[in-house]
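Dropping target12.pdb in here (PDB, C-alpha atoms, pLDDT in the B column):
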MODEL        1
ATOM      1  CA  MET A   1       0.000   0.000   0.000  1.00 70.00           C
ATOM      2  CA  PRO A   2       1.423   3.410  -0.896  1.00 78.00           C
ATOM      3  CA  GLY A   3       2.270   5.905   1.812  1.00 90.00           C
ATOM      4  CA  PRO A   4       0.577   9.294   2.202  1.00 90.00           C
ATOM      5  CA  ALA A   5       3.168  11.119   0.074  1.00 93.00           C
ATOM      6  CA  GLN A   6       2.821   8.661  -2.806  1.00 93.00           C
ATOM      7  CA  ARG A   7      -0.953   8.661  -2.520  1.00 92.00           C
ATOM      8  CA  GLY A   8      -1.004  12.475  -2.579  1.00 93.00           C
ATOM      9  CA  GLN A   9       1.172  12.527  -5.687  1.00 94.00           C
ATOM     10  CA  VAL A  10      -1.013   9.999  -7.520  1.00 93.00           C
ATOM     11  CA  ARG A  11      -4.100  12.001  -6.593  1.00 93.00           C
ATOM     12  CA  ALA A  12      -2.468  15.201  -7.857  1.00 94.00           C
ATOM     13  CA  ASP A  13      -1.524  13.500 -11.123  1.00 95.00           C
ATOM     14  CA  LYS A  14      -4.656  11.448 -11.774  1.00 95.00           C
ATOM     15  CA  SER A  15      -7.597  12.701  -9.715  1.00 94.00           C
ATOM     16  CA  ALA A  16      -7.069  16.463  -9.705  1.00 95.00           C
ATOM     17  CA  PRO A  17      -7.544  16.892 -13.485  1.00 96.00           C
ATOM     18  CA  ILE A  18     -10.754  14.850 -13.391  1.00 96.00           C
ATOM     19  CA  ILE A  19     -12.104  16.848 -10.456  1.00 95.00           C
ATOM     20  CA  ALA A  20     -11.128  20.111 -12.157  1.00 95.00           C
ATOM     21  CA  ALA A  21     -13.093  19.092 -15.256  1.00 96.00           C
ATOM     22  CA  LEU A  22     -16.065  17.894 -13.221  1.00 96.00           C
ATOM     23  CA  LYS A  23     -16.977  21.169 -11.504  1.00 96.00           C
ATOM     24  CA  PRO A  24     -17.658  23.216 -14.679  1.00 96.00           C
ATOM     25  CA  ARG A  25     -19.639  20.286 -16.049  1.00 96.00           C
ATOM     26  CA  LEU A  26     -21.818  20.168 -12.927  1.00 96.00           C
ATOM     27  CA  GLU A  27     -22.277  23.944 -13.043  1.00 96.00           C
ATOM     28  CA  ALA A  28     -23.374  23.713 -16.682  1.00 96.00           C
ATOM     29  CA  LEU A  29     -25.778  20.811 -16.069  1.00 94.00           C
ATOM     30  CA  GLY A  30     -27.346  22.225 -12.911  1.00 93.00           C
ATOM     31  CA  PRO A  31     -29.648  24.858 -14.452  1.00 93.00           C
ATOM     32  CA  GLY A  32     -31.124  22.301 -16.881  1.00 93.00           C
ATOM     33  CA  CYS A  33     -32.181  19.894 -14.111  1.00 93.00           C
ATOM     34  CA  LEU A  34     -35.259  20.060 -11.961  1.00 94.00           C
ATOM     35  CA  PRO A  35     -34.073  20.969  -8.446  1.00 92.00           C
ATOM     36  CA  GLN A  36     -36.038  18.143  -6.781  1.00 94.00           C
ATOM     37  CA  SER A  37     -35.043  15.466  -9.302  1.00 95.00           C
ATOM     38  CA  PRO A  38     -32.423  12.943  -8.184  1.00 95.00           C
ATOM     39  CA  LEU A  39     -29.890  14.420 -10.620  1.00 94.00           C
ATOM     40  CA  GLY A  40     -30.703  17.981  -9.545  1.00 95.00           C
ATOM     41  CA  LYS A  41     -30.286  17.036  -5.876  1.00 95.00           C
ATOM     42  CA  ALA A  42     -26.982  15.277  -6.587  1.00 95.00           C
ATOM     43  CA  ILE A  43     -25.591  18.230  -8.522  1.00 95.00           C
ATOM     44  CA  HIS A  44     -26.688  20.688  -5.836  1.00 95.00           C
ATOM     45  CA  TYR A  45     -25.142  18.529  -3.103  1.00 96.00           C
ATOM     46  CA  ALA A  46     -21.845  18.115  -4.974  1.00 95.00           C
ATOM     47  CA  LEU A  47     -21.508  21.847  -5.611  1.00 96.00           C
ATOM     48  CA  ALA A  48     -22.596  22.832  -2.084  1.00 96.00           C
ATOM     49  CA  GLU A  49     -20.074  20.397  -0.565  1.00 95.00           C
ATOM     50  CA  TRP A  50     -17.340  20.954  -3.142  1.00 95.00           C
ATOM     51  CA  GLU A  51     -14.585  21.868  -0.686  1.00 94.00           C
ATOM     52  CA  PRO A  52     -15.077  18.893   1.666  1.00 91.00           C
ATOM     53  CA  LEU A  53     -15.540  16.529  -1.296  1.00 90.00           C
ATOM     54  CA  ASN A  54     -12.153  17.595  -2.660  1.00 92.00           C
ATOM     55  CA  ARG A  55     -10.224  17.569   0.589  1.00 92.00           C
ATOM     56  CA  PHE A  56      -8.701  14.184  -0.287  1.00 91.00           C
ATOM     57  CA  LEU A  57      -6.670  15.965  -2.982  1.00 93.00           C
ATOM     58  CA  GLN A  58      -4.810  18.110  -0.438  1.00 92.00           C
ATOM     59  CA  ASP A  59      -3.882  15.388   2.060  1.00 91.00           C
ATOM     60  CA  GLY A  60      -2.662  11.927   1.104  1.00 91.00           C
ATOM     61  CA  ARG A  61      -3.402  10.670   4.615  1.00 91.00           C
ATOM     62  CA  LEU A  62      -7.146  10.965   4.039  1.00 88.00           C
ATOM     63  CA  GLU A  63      -9.098   7.974   2.788  1.00 83.00           C
ATOM     64  CA  ILE A  64     -11.328   8.531  -0.216  1.00 81.00           C
ATOM     65  CA  ASP A  65     -14.179   6.608   1.392  1.00 77.00           C
ATOM     66  CA  ASN A  66     -15.060   5.740   4.957  1.00 70.00           C
ATOM     67  CA  ASN A  67     -15.971   2.068   4.518  1.00 74.00           C
ATOM     68  CA  LEU A  68     -12.906   0.894   6.437  1.00 67.00           C
ATOM     69  CA  THR A  69     -13.689   3.242   9.315  1.00 64.00           C
ATOM     70  CA  GLU A  70     -17.371   2.306   9.437  1.00 65.00           C
ATOM     71  CA  ASN A  71     -16.629  -1.417   9.302  1.00 66.00           C
ATOM     72  CA  ALA A  72     -14.180  -1.025  12.188  1.00 68.00           C
ATOM     73  CA  ILE A  73     -16.799   0.836  14.232  1.00 69.00           C
ATOM     74  CA  ARG A  74     -19.713  -1.532  13.492  1.00 67.00           C
ATOM     75  CA  PRO A  75     -18.310  -4.976  12.706  1.00 58.00           C
ATOM     76  CA  SER A  76     -21.296  -6.745  14.264  1.00 59.00           C
ATOM     77  CA  ALA A  77     -23.783  -5.193  11.843  1.00 55.00           C
ATOM     78  CA  VAL A  78     -22.654  -7.500   9.053  1.00 55.00           C
ATOM     79  CA  GLY A  79     -24.726 -10.668   8.910  1.00 57.00           C
ATOM     80  CA  LYS A  80     -27.226  -9.936  11.675  1.00 59.00           C
ATOM     81  CA  LYS A  81     -29.960 -11.920   9.905  1.00 59.00           C
ATOM     82  CA  ASN A  82     -27.812 -14.867   8.868  1.00 58.00           C
ATOM     83  CA  TRP A  83     -29.795 -17.145  11.167  1.00 54.00           C
ATOM     84  CA  LEU A  84     -32.538 -17.132   8.527  1.00 57.00           C
ATOM     85  CA  PHE A  85     -30.284 -18.991   6.155  1.00 57.00           C
ATOM     86  CA  ILE A  86     -28.166 -21.327   8.255  1.00 59.00           C
ATOM     87  CA  GLY A  87     -30.733 -23.797   9.566  1.00 60.00           C
ATOM     88  CA  HIS A  88     -31.388 -22.024  12.856  1.00 60.00           C
ATOM     89  CA  PRO A  89     -34.465 -23.452  14.633  1.00 60.00           C
ATOM     90  CA  GLU A  90     -36.257 -20.088  14.425  1.00 61.00           C
ATOM     91  CA  ALA A  91     -35.635 -19.852  10.689  1.00 58.00           C
ATOM     92  CA  ALA A  92     -38.376 -22.295   9.732  1.00 57.00           C
ATOM     93  CA  GLY A  93     -41.040 -20.321  11.596  1.00 60.00           C
ATOM     94  CA  ALA A  94     -39.806 -16.993  10.231  1.00 57.00           C
ATOM     95  CA  VAL A  95     -39.780 -18.278   6.670  1.00 49.00           C
ATOM     96  CA  ARG A  96     -43.292 -19.695   7.055  1.00 55.00           C
ATOM     97  CA  SER A  97     -44.608 -16.354   8.352  1.00 53.00           C
ATOM     98  CA  PHE A  98     -43.125 -14.537   5.330  1.00 51.00           C
ATOM     99  CA  THR A  99     -44.593 -16.974   2.797  1.00 48.00           C
ATOM    100  CA  ARG A 100     -48.181 -16.877   4.031  1.00 53.00           C
TER     101      ARG A 100
ENDMDL
END

Would you mind writing the file's structure down as structure tokens?
Amino acid sequence: MPGPAQRGQVRADKSAPIIAALKPRLEALGPGCLPQSPLGKAIHYALAEWEPLNRFLQDGRLEIDNNLTENAIRPSAVGKKNWLFIGHPEAAGAVRSFTR
């Protein structure tokens, strides 16, 4: 896994030009979208949160997504309903109640 300096350099080389091209495109598309449409909401959100969304470009220590952090915080949330599928004694009754 690359270190923060390497990651920052790769982001500067690869991600920064894409992000720079994205903002004018969003600004051009925004007026043609209904504000309450899913696309209109997404464009408005991206432009309103532009600075925080681009913070990963300035600091190679930052993760692009927070999946690793969330999974570390809530590891027990994965597979809570597995008992339905592994032959647990309560599974038969639960499946019957869903199929009626």

### Query
Hey, can you check how far atom CA of A:Leu57 sits from atom CA of A:Ser15?
7.5 Å

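The nearest approach to A:Leu53 among the residues A:Leu29, A:Ala5, A:Ile19, A:Gly40, with all atoms listed in the file taken into account, belongs to A:Ile19.
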
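Using all atoms listed in the file, the nearest neighbour of A:Ala46 within the list A:Ala21, A:Leu26, A:Cys33, A:Leu62 is A:Leu26.
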
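When the PyMOL selection byres ((chain A and resi 41-43) around 12) is evaluated against the file, it yields Leu22, Lys23, Pro24, Arg25, Leu26, Glu27, Ala28, Leu29, Gly30, Pro31, Gly32, Cys33, Leu34, Pro35, Gln36, Ser37, Pro38, Leu39, Gly40, His44, Tyr45, Ala46, Leu47, Ala48, Glu49 and Trp50 of chain A.
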
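The spacing separating atom CA of A:Pro52 from atom CA of A:Met1 amounts to 24.2 Å.
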
### Query
In Å, how far is it from atom CA of A:Pro4 to atom CA of A:Pro17?
19.2 Å

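Within the 12 Å cut-off around A:Pro2, using all atoms listed in the file and omitting residues fewer than 5 positions from it on the same chain, the listed residues are A:Arg7, A:Gly8, A:Gln9, A:Val10, A:Arg11, A:Gly60, A:Arg61.
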
### Test item: which residues lie within 9 Å of (-14.6, 12.4, 4.2) counting all atoms listed in the file, as a ChimeraX atom specification
/A:52-56,62-66

Just to be explicit: take each residue in the selection above, keep C-alpha atoms, and write the result as a PDB file, in the coordinates of the input.
ATOM      1  CA  PRO A  52     -15.077  18.893   1.666  1.00 91.00           C
ATOM      2  CA  LEU A  53     -15.540  16.529  -1.296  1.00 90.00           C
ATOM      3  CA  ASN A  54     -12.153  17.595  -2.660  1.00 92.00           C
ATOM      4  CA  ARG A  55     -10.224  17.569   0.589  1.00 92.00           C
ATOM      5  CA  PHE A  56      -8.701  14.184  -0.287  1.00 91.00           C
ATOM      6  CA  LEU A  62      -7.146  10.965   4.039  1.00 88.00           C
ATOM      7  CA  GLU A  63      -9.098   7.974   2.788  1.00 83.00           C
ATOM      8  CA  ILE A  64     -11.328   8.531  -0.216  1.00 81.00           C
ATOM      9  CA  ASP A  65     -14.179   6.608   1.392  1.00 77.00           C
ATOM     10  CA  ASN A  66     -15.060   5.740   4.957  1.00 70.00           C
TER      11      ASN A  66
END
